[in-house]
file upload00.txt (compact mmCIF, C-alpha atoms)
# COMPACT_ATOMS: atom_id res chain seq x y z
CA MET E 10 -10.95 -7.28 52.69
CA ALA E 11 -11.19 -9.67 49.75
CA CYS E 12 -7.91 -11.24 50.77
CA THR E 13 -9.16 -12.04 54.31
CA ILE E 14 -12.38 -13.58 53.00
CA PHE E 15 -10.42 -15.65 50.53
CA LYS E 16 -8.06 -16.89 53.28
CA ARG E 17 -10.98 -17.84 55.50
CA TYR E 18 -12.70 -20.00 52.85
CA ASN E 19 -9.67 -21.26 50.95
CA PRO E 20 -6.61 -21.12 53.25
CA ASP E 21 -4.46 -23.58 51.30
CA TYR E 22 -4.13 -21.38 48.20
CA PRO E 23 -2.78 -17.84 48.15
CA PHE E 24 -4.92 -15.04 46.80
CA ASP E 25 -3.60 -14.14 43.35
CA PHE E 26 -5.35 -11.36 41.47
CA LYS E 27 -4.75 -9.97 38.01
CA PHE E 28 -6.17 -6.99 36.20
CA MET E 29 -8.00 -7.76 32.98
CA ASP E 30 -6.32 -4.98 31.01
CA GLU E 31 -2.92 -6.54 31.74
CA SER E 32 -4.18 -9.95 30.64
CA TYR E 33 -5.48 -8.52 27.36
CA LYS E 34 -2.26 -6.61 26.83
CA ILE E 35 -0.24 -9.80 27.16
CA LYS E 36 -2.70 -11.71 24.97
CA PHE E 37 -2.52 -9.23 22.10
CA GLN E 38 1.18 -8.41 22.32
CA ASP E 39 2.01 -11.00 19.65
CA GLU E 40 -0.58 -9.47 17.33
CA LYS E 41 0.87 -6.01 17.91
CA ASN E 42 4.42 -7.22 17.20
CA THR E 43 3.26 -9.00 14.06
CA GLY E 44 1.50 -5.85 12.90
CA GLN E 45 4.63 -3.76 13.38
CA VAL E 46 6.79 -6.23 11.48
CA VAL E 47 4.27 -6.44 8.65
CA ALA E 48 4.04 -2.63 8.47
CA VAL E 49 7.82 -2.28 8.18
CA PHE E 50 8.09 -4.90 5.45
CA ALA E 51 5.06 -3.49 3.60
CA GLY E 52 6.68 -0.06 3.60
CA LEU E 53 9.94 -1.53 2.32
CA SER E 54 8.17 -3.46 -0.42
CA ILE E 55 6.25 -0.36 -1.52
CA PHE E 56 9.47 1.64 -1.62
CA ILE E 57 11.32 -1.02 -3.63
CA SER E 58 8.42 -1.42 -6.05
CA CYS E 59 8.31 2.37 -6.56
CA LEU E 60 12.02 2.33 -7.38
CA GLY E 61 11.43 -0.42 -9.94
CA LEU E 62 8.43 1.39 -11.36
CA PHE E 63 10.44 4.60 -11.64
CA ALA E 64 13.22 2.77 -13.50
CA LEU E 65 10.70 1.10 -15.80
CA ALA E 66 9.06 4.45 -16.55
CA ALA E 67 12.46 6.01 -17.24
CA CYS E 68 13.34 3.19 -19.62
CA MET E 69 9.97 3.48 -21.38
CA ALA E 70 10.27 7.25 -21.70
CA GLU E 71 13.79 6.93 -23.07
CA GLY E 72 12.64 4.35 -25.60
CA ARG E 73 9.81 6.61 -26.76
CA ILE E 74 11.80 9.85 -26.76
CA LYS E 75 11.41 10.40 -30.51
CA GLU E 76 7.67 9.77 -30.32
CA ILE E 77 7.39 12.26 -27.49
CA GLY E 78 9.44 14.78 -29.48
CA ILE E 79 7.16 14.42 -32.52
CA LEU E 80 4.07 14.79 -30.33
CA LYS E 81 5.54 17.97 -28.81
CA VAL E 82 6.27 19.39 -32.27
CA LEU E 83 2.73 18.61 -33.37
CA GLY E 84 1.35 20.51 -30.37
CA ALA E 85 0.62 17.91 -27.71
CA SER E 86 0.38 19.32 -24.21
CA VAL E 87 2.41 18.16 -21.24
CA ALA E 88 -0.76 16.77 -19.65
CA ARG E 89 -1.59 14.72 -22.78
CA ILE E 90 1.93 13.27 -22.99
CA THR E 91 1.90 12.48 -19.27
CA ALA E 92 -1.46 10.75 -19.65
CA LEU E 93 -0.11 8.77 -22.61
CA LEU E 94 2.87 7.52 -20.62
CA THR E 95 1.03 6.76 -17.36
CA LYS E 96 -2.08 5.13 -18.83
CA ASP E 97 -0.50 1.70 -19.34
CA PHE E 98 0.86 1.57 -15.78
CA LEU E 99 -2.44 2.61 -14.22
CA ILE E 100 -4.38 -0.01 -16.15
CA LEU E 101 -2.08 -2.71 -14.79
CA VAL E 102 -2.42 -1.36 -11.26
CA LEU E 103 -6.22 -1.34 -11.52
CA ILE E 104 -6.27 -4.92 -12.86
CA SER E 105 -4.06 -6.08 -9.98
CA PHE E 106 -6.28 -4.26 -7.48
CA VAL E 107 -9.41 -5.93 -8.87
CA ILE E 108 -7.74 -9.33 -8.54
CA ALA E 109 -6.23 -8.71 -5.09
CA SER E 110 -9.25 -7.15 -3.36
CA PRO E 111 -11.45 -10.28 -3.13
CA VAL E 112 -8.47 -12.36 -2.03
CA ALA E 113 -7.58 -9.81 0.68
CA TRP E 114 -11.20 -9.63 1.83
CA TRP E 115 -11.41 -13.43 2.09
CA LEU E 116 -8.10 -13.75 3.97
CA MET E 117 -8.96 -10.95 6.39
CA SER E 118 -12.39 -12.43 7.06
CA LYS E 119 -10.82 -15.81 7.83
CA TRP E 120 -8.26 -14.20 10.15
CA LEU E 121 -10.87 -12.15 12.01
CA GLN E 122 -13.11 -15.19 12.57
CA ASP E 123 -10.63 -16.48 15.16
CA TYR E 124 -11.55 -13.65 17.55
CA PRO E 125 -14.74 -13.71 19.62
CA TYR E 126 -15.30 -9.98 19.09
CA HIS E 127 -14.32 -8.82 15.65
CA THR E 128 -15.20 -6.03 13.32
CA ASN E 129 -16.68 -6.37 9.88
CA LEU E 130 -14.66 -5.26 6.89
CA SER E 131 -16.14 -2.16 5.30
CA TRP E 132 -16.05 -1.27 1.62
CA TRP E 133 -14.33 2.05 2.33
CA ILE E 134 -11.20 0.25 3.55
CA PHE E 135 -10.80 -1.30 0.12
CA GLY E 136 -11.74 1.98 -1.58
CA LEU E 137 -9.04 3.85 0.35
CA THR E 138 -6.55 1.12 -0.45
CA GLY E 139 -7.50 1.30 -4.13
CA LEU E 140 -7.04 5.06 -4.13
CA GLY E 141 -3.62 4.69 -2.53
CA SER E 142 -2.63 1.94 -4.94
CA VAL E 143 -3.44 4.27 -7.85
CA LEU E 144 -1.91 7.45 -6.40
CA ILE E 145 1.46 5.95 -5.47
CA PRO E 146 2.26 4.54 -8.96
CA PHE E 147 0.75 7.60 -10.64
CA SER E 148 2.99 9.96 -8.70
CA THR E 149 6.01 7.74 -9.32
CA VAL E 150 5.47 7.42 -13.07
CA SER E 151 4.22 10.95 -13.64
CA VAL E 152 7.49 12.43 -12.36
CA GLN E 153 9.36 10.66 -15.15
CA ALA E 154 6.59 11.33 -17.68
CA ILE E 155 6.55 15.07 -16.95
CA LYS E 156 10.33 15.17 -17.21
CA ALA E 157 10.12 13.56 -20.66
CA ALA E 158 7.20 15.78 -21.70
CA ILE E 159 8.92 19.07 -20.89
CA ALA E 160 12.19 18.11 -22.58
CA ASN E 161 13.20 20.06 -25.63
CA PRO E 162 11.99 18.14 -28.73
CA VAL E 163 14.85 19.51 -30.82
CA LYS E 164 17.40 17.53 -28.82
CA SER E 165 15.51 14.27 -29.27
CA LEU E 166 14.84 14.75 -33.00
CA LYS E 167 18.13 16.23 -34.23
CA THR E 168 19.63 12.80 -34.95
CA GLU E 169 16.99 12.14 -37.62
call {"tool": "encode", "arguments": {"input": "upload00.txt", "output": "structure tokens"}}
result
Amino acid sequence: MACTIFKRYNPDYPFDFKFMDESYKIKFQDEKNTGQVVAVFAGLSIFISCLGLFALAACMAEGRIKEIGILKVLGASVARITALLTKDFLILVLISFVIASPVAWWLMSKWLQDYPYHTNLSWWIFGLTGLGSVLIPFSTVSVQAIKAAIANPVKSLKTE
């Protein structure tokens, strides 16, 4: 019906229709591809940084093995030794999060301004990110810290 009306009033041009959902799908395909690529590289960078953090924690625990042995002999708990070894890493992670959050908020706001309909950035997004940025290094470092804390102090102190 629409095609016959269109031919009657505009016979020189063919009737070409498109669905809006297909137009939006094509329009946002680049954004979707970019998001997938960024997600893959973000996952790789988190994995590589966890490997480096694990190696750094292992090196630090090995360097402080005598201190850990003395603390164990004096009655320090595994939780206290783990807290001692992970505290320095968590402070650095929190400092980096405090610095990176305003920058990320500003960049995301600038990027979202290019769209006619965009969402506002909520505080809980940054809170969830902060929680994740503390939990990932804590779990990485605490594995090595617990391993050092449950080691036999006799083996680490017998050379003295």
call {"tool": "atom_distance", "arguments": {"input": "upload00.txt", "atom1": "atom CA of Asn161 of chain E", "atom2": "atom CA of Lys81 of chain E"}}
result
8.6 Å
call {"tool": "axis_aligned_box", "arguments": {"input": "upload00.txt", "around": "segment 39-57 of chain E", "padding_each_side": "6 Å", "output": "AutoDock Vina command-line options"}}
result
--center_x 5.4 --center_y -4.7 --center_z 8.0 --size_x 23.9 --size_y 24.6 --size_z 35.3
call {"tool": "atom_distance", "arguments": {"input": "upload00.txt", "atom1": "atom CA of Val163 of chain E", "atom2": "atom CA of Ile77 of chain E"}}
result
10.9 Å
call {"tool": "residues_around", "arguments": {"input": "upload00.txt", "residues": "Phe98 of chain E", "least_positions_apart": "4", "cutoff": "12 Å", "atoms": "only C-alpha atoms", "output": "VMD selection string"}}
result
chain E and resid 59 62 to 63 65 to 66 69 91 to 94 102 to 105 142 to 151 154
call {"tool": "closest_residue", "arguments": {"input": "upload00.txt", "among": "E:Trp114, E:Leu140, E:Gly52, E:Ile159", "to": "Ile90 of chain E", "atoms": "only C-alpha atoms"}}
result
E:Ile159
call {"tool": "atom_distance", "arguments": {"input": "upload00.txt", "atom1": "atom CA of Thr128 of chain E", "atom2": "atom CA of Lys36 of chain E"}}
result
18.0 Å
call {"tool": "decode", "arguments": {"input": "upload00.txt", "residues": "segment 132-150 of chain E", "atoms": "C-alpha atoms", "output": "PDB file, in the first residue's frame"}}
result
ATOM      1  CA  TRP E 132      28.887   6.871  42.284  1.00  0.00           C
ATOM      2  CA  TRP E 133      28.269   3.134  42.722  1.00  0.00           C
ATOM      3  CA  ILE E 134      30.121   2.388  39.481  1.00  0.00           C
ATOM      4  CA  PHE E 135      33.260   3.883  40.961  1.00  0.00           C
ATOM      5  CA  GLY E 136      32.586   2.224  44.324  1.00  0.00           C
ATOM      6  CA  LEU E 137      32.312  -1.192  42.676  1.00  0.00           C
ATOM      7  CA  THR E 138      35.463  -0.515  40.693  1.00  0.00           C
ATOM      8  CA  GLY E 139      37.264   0.539  43.872  1.00  0.00           C
ATOM      9  CA  LEU E 140      36.158  -2.632  45.620  1.00  0.00           C
ATOM     10  CA  GLY E 141      37.405  -4.729  42.714  1.00  0.00           C
ATOM     11  CA  SER E 142      40.679  -2.833  42.570  1.00  0.00           C
ATOM     12  CA  VAL E 143      41.253  -3.646  46.253  1.00  0.00           C
ATOM     13  CA  LEU E 144      40.068  -7.278  46.166  1.00  0.00           C
ATOM     14  CA  ILE E 145      42.160  -8.363  43.180  1.00  0.00           C
ATOM     15  CA  PRO E 146      45.543  -7.213  44.594  1.00  0.00           C
ATOM     16  CA  PHE E 147      44.569  -8.351  48.090  1.00  0.00           C
ATOM     17  CA  SER E 148      43.812 -11.866  46.900  1.00  0.00           C
ATOM     18  CA  THR E 149      46.988 -11.935  44.806  1.00  0.00           C
ATOM     19  CA  VAL E 150      49.288 -10.736  47.587  1.00  0.00           C
TER      20      VAL E 150
END
